[in-house]
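coords-v5.txt follows; it contains compact mmCIF, N, CA and C atoms.
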```txt
# COMPACT_ATOMS: atom_id res chain seq x y z
N MET A 296 85.87 27.31 14.99
CA MET A 296 86.12 25.88 15.03
C MET A 296 84.91 25.13 15.58
N THR A 297 84.25 25.72 16.56
CA THR A 297 83.08 25.07 17.15
C THR A 297 81.94 24.99 16.13
N GLN A 298 81.79 26.02 15.32
CA GLN A 298 80.73 26.01 14.31
C GLN A 298 81.00 24.95 13.24
N LEU A 299 82.25 24.78 12.88
CA LEU A 299 82.61 23.76 11.90
C LEU A 299 82.30 22.37 12.44
N LEU A 300 82.62 22.13 13.69
CA LEU A 300 82.34 20.84 14.31
C LEU A 300 80.83 20.60 14.39
N LEU A 301 80.07 21.62 14.73
CA LEU A 301 78.62 21.51 14.79
C LEU A 301 78.03 21.23 13.41
N LEU A 302 78.56 21.86 12.38
CA LEU A 302 78.11 21.63 11.01
C LEU A 302 78.38 20.19 10.59
N ILE A 303 79.54 19.67 10.90
CA ILE A 303 79.89 18.30 10.54
C ILE A 303 78.97 17.30 11.25
N VAL A 304 78.71 17.53 12.52
CA VAL A 304 77.82 16.64 13.28
C VAL A 304 76.41 16.70 12.70
N ALA A 305 75.93 17.89 12.34
CA ALA A 305 74.59 18.02 11.77
C ALA A 305 74.50 17.31 10.42
N LEU A 306 75.51 17.44 9.58
CA LEU A 306 75.50 16.76 8.29
C LEU A 306 75.54 15.24 8.44
N LEU A 307 76.31 14.76 9.39
CA LEU A 307 76.34 13.32 9.65
C LEU A 307 74.99 12.81 10.15
N ALA A 308 74.35 13.58 11.01
CA ALA A 308 73.03 13.17 11.52
C ALA A 308 72.00 13.16 10.39
N LEU A 309 72.03 14.14 9.51
CA LEU A 309 71.08 14.19 8.41
C LEU A 309 71.32 13.10 7.38
N SER A 310 72.55 12.65 7.25
CA SER A 310 72.84 11.61 6.26
C SER A 310 72.28 10.25 6.68
N HIS A 311 71.91 10.08 7.93
CA HIS A 311 71.39 8.80 8.41
C HIS A 311 69.87 8.76 8.43
N LEU A 312 69.20 9.84 8.03
CA LEU A 312 67.74 9.85 7.99
C LEU A 312 67.26 9.20 6.70
N PRO A 313 66.06 8.62 6.72
CA PRO A 313 65.53 8.03 5.48
C PRO A 313 65.29 9.12 4.44
N PRO A 314 65.27 8.78 3.15
CA PRO A 314 65.23 9.77 2.08
C PRO A 314 63.89 10.45 1.87
N GLY A 315 62.88 10.16 2.63
CA GLY A 315 61.59 10.82 2.46
C GLY A 315 60.53 10.15 3.30
N ARG A 316 59.36 10.77 3.32
CA ARG A 316 58.26 10.21 4.08
C ARG A 316 57.44 9.32 3.17
N SER A 317 57.17 8.10 3.61
CA SER A 317 56.43 7.16 2.78
C SER A 317 54.98 7.58 2.57
N GLU A 318 54.47 8.45 3.44
CA GLU A 318 53.09 8.89 3.31
C GLU A 318 52.85 9.65 2.02
N PHE A 319 53.88 10.25 1.46
CA PHE A 319 53.71 11.07 0.28
C PHE A 319 54.11 10.33 -1.00
N LYS A 320 54.33 9.04 -0.95
CA LYS A 320 54.63 8.30 -2.17
C LYS A 320 53.36 8.24 -3.01
N ARG A 321 53.48 8.49 -4.29
CA ARG A 321 52.34 8.55 -5.17
C ARG A 321 52.23 7.29 -6.01
N CYS A 322 51.02 6.98 -6.44
CA CYS A 322 50.77 5.83 -7.30
C CYS A 322 49.64 6.17 -8.25
N TRP A 323 49.38 5.29 -9.17
CA TRP A 323 48.30 5.41 -10.14
C TRP A 323 48.38 6.75 -10.87
N LYS A 324 49.53 6.98 -11.50
CA LYS A 324 49.80 8.19 -12.28
C LYS A 324 49.63 9.47 -11.45
N GLY A 325 50.02 9.41 -10.19
CA GLY A 325 49.97 10.58 -9.33
C GLY A 325 48.61 10.86 -8.72
N GLN A 326 47.61 10.03 -8.97
CA GLN A 326 46.27 10.27 -8.45
C GLN A 326 46.05 9.65 -7.07
N GLY A 327 46.86 8.66 -6.71
CA GLY A 327 46.68 7.98 -5.44
C GLY A 327 47.90 8.14 -4.54
N ALA A 328 47.81 7.57 -3.36
CA ALA A 328 48.91 7.63 -2.39
C ALA A 328 49.15 6.25 -1.82
N CYS A 329 50.43 5.91 -1.64
CA CYS A 329 50.81 4.63 -1.04
C CYS A 329 50.75 4.77 0.48
N ARG A 330 49.92 3.95 1.10
CA ARG A 330 49.76 4.00 2.55
C ARG A 330 49.59 2.60 3.11
N THR A 331 49.73 2.49 4.43
CA THR A 331 49.51 1.22 5.10
C THR A 331 48.02 0.90 5.14
N TYR A 332 47.19 1.92 5.41
CA TYR A 332 45.74 1.78 5.44
C TYR A 332 45.10 2.89 4.64
N CYS A 333 43.99 2.61 3.97
CA CYS A 333 43.24 3.64 3.24
C CYS A 333 42.24 4.28 4.21
N THR A 334 41.94 5.56 3.98
CA THR A 334 40.96 6.25 4.82
C THR A 334 39.55 5.89 4.36
N ARG A 335 38.55 6.39 5.07
CA ARG A 335 37.16 6.09 4.71
C ARG A 335 36.76 6.72 3.39
N GLN A 336 37.43 7.78 2.98
CA GLN A 336 37.11 8.45 1.73
C GLN A 336 37.89 7.89 0.55
N GLU A 337 38.62 6.81 0.75
CA GLU A 337 39.47 6.24 -0.30
C GLU A 337 39.14 4.78 -0.52
N THR A 338 39.52 4.30 -1.68
CA THR A 338 39.37 2.89 -2.01
C THR A 338 40.72 2.32 -2.43
N TYR A 339 40.91 1.03 -2.19
CA TYR A 339 42.16 0.34 -2.51
C TYR A 339 42.11 -0.10 -3.97
N MET A 340 43.17 0.18 -4.73
CA MET A 340 43.21 -0.21 -6.14
C MET A 340 44.19 -1.36 -6.40
N HIS A 341 45.42 -1.22 -5.95
CA HIS A 341 46.44 -2.26 -6.16
C HIS A 341 47.56 -2.05 -5.16
N MET A 342 48.58 -2.87 -5.23
CA MET A 342 49.72 -2.76 -4.31
C MET A 342 50.79 -1.85 -4.90
N CYS A 343 51.42 -1.07 -4.04
CA CYS A 343 52.55 -0.24 -4.44
C CYS A 343 53.83 -1.10 -4.44
N PRO A 344 54.91 -0.62 -5.05
CA PRO A 344 56.15 -1.42 -5.09
C PRO A 344 56.70 -1.79 -3.71
N ASP A 345 56.41 -0.97 -2.69
CA ASP A 345 56.92 -1.28 -1.35
C ASP A 345 55.92 -2.12 -0.54
N ALA A 346 54.94 -2.76 -1.19
CA ALA A 346 53.94 -3.65 -0.60
C ALA A 346 52.91 -2.91 0.25
N SER A 347 52.78 -1.59 0.09
CA SER A 347 51.72 -0.86 0.75
C SER A 347 50.54 -0.73 -0.21
N LEU A 348 49.42 -0.21 0.27
CA LEU A 348 48.22 -0.09 -0.55
C LEU A 348 48.23 1.20 -1.36
N CYS A 349 47.74 1.14 -2.58
CA CYS A 349 47.55 2.33 -3.40
C CYS A 349 46.12 2.80 -3.16
N CYS A 350 45.94 3.89 -2.45
CA CYS A 350 44.63 4.39 -2.07
C CYS A 350 44.22 5.55 -2.98
N LEU A 351 43.03 5.43 -3.58
CA LEU A 351 42.50 6.46 -4.47
C LEU A 351 41.22 7.03 -3.87
N PRO A 352 40.99 8.33 -4.04
CA PRO A 352 39.72 8.90 -3.56
C PRO A 352 38.54 8.30 -4.32
N TYR A 353 37.39 8.17 -3.66
CA TYR A 353 36.21 7.59 -4.31
C TYR A 353 35.78 8.39 -5.53
N GLY A 354 35.99 9.69 -5.55
CA GLY A 354 35.58 10.52 -6.68
C GLY A 354 36.38 10.27 -7.94
N PHE A 355 37.57 9.69 -7.81
CA PHE A 355 38.41 9.45 -8.99
C PHE A 355 37.99 8.14 -9.65
N ARG A 356 37.70 8.21 -10.94
CA ARG A 356 37.31 7.02 -11.70
C ARG A 356 38.38 6.73 -12.74
N PRO A 357 39.13 5.63 -12.59
CA PRO A 357 40.13 5.28 -13.61
C PRO A 357 39.44 4.98 -14.94
N LEU A 358 40.12 5.28 -16.02
CA LEU A 358 39.57 5.01 -17.34
C LEU A 358 39.45 3.51 -17.56
N ALA A 359 38.34 3.10 -18.14
CA ALA A 359 38.11 1.68 -18.40
C ALA A 359 39.00 1.22 -19.55
N PHE A 360 39.44 -0.01 -19.45
CA PHE A 360 40.29 -0.58 -20.49
C PHE A 360 39.43 -0.94 -21.70
N LYS A 361 39.81 -0.47 -22.86
CA LYS A 361 39.07 -0.79 -24.08
C LYS A 361 39.97 -1.59 -25.02
N PRO A 362 39.60 -2.85 -25.25
CA PRO A 362 40.46 -3.69 -26.12
C PRO A 362 40.40 -3.30 -27.57
```

Using structure tokens, write down the structure that the file contains.
Amino acid sequence: MTQLLLLIVALLALSHLPPGRSEFKRCWKGQGACRTYCTRQETYMHMCPDASLCCLPYGFRPLAFKP
């Protein structure tokens, strides 16, 4: 009975946690990461849906738009 009560309490506690870490949200077709600040090795490209910055590594070059 004690184990069942402990299991129920643990499941209730886990249900109140956010669904993931925002640090690992991806952007720009999986090449960038949504963060509050970009690191020195990254450049800002555009805004993510949650109003954070989409940071891409300097080595990554997006394809140029060709009309």

Residues within 7 Å of (39.5, 7.9, -1.8), file coordinates, counting only N, CA and C atoms: what are they? Give the list as a ChimeraX atom specification.
/A:334-338,350-355

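Non-sequential neighbours of Ala328 (chain A) (distance at most 7 Å, separation of 5 or more positions within a chain, only C-alpha atoms) are Phe319, Lys320, Arg321, Cys322, Cys349, Cys350 and Leu351 of chain A.
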
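What separates CA of Ser347 (chain A) from CA of Cys329 (chain A) is a distance of 5.8 Å.
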
Work out how far CA of Lys324 (chain A) is from CA of Cys343 (chain A), in Å to one decimal.
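Taking CA of Cys343 (chain A) as the start and CA of Lys324 (chain A) as the end point, the length is 11.8 Å.
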
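Atom pair CA of His341 (chain A) / atom C of Gly325 (chain A) has a distance of 13.5 Å (rounded to one decimal).
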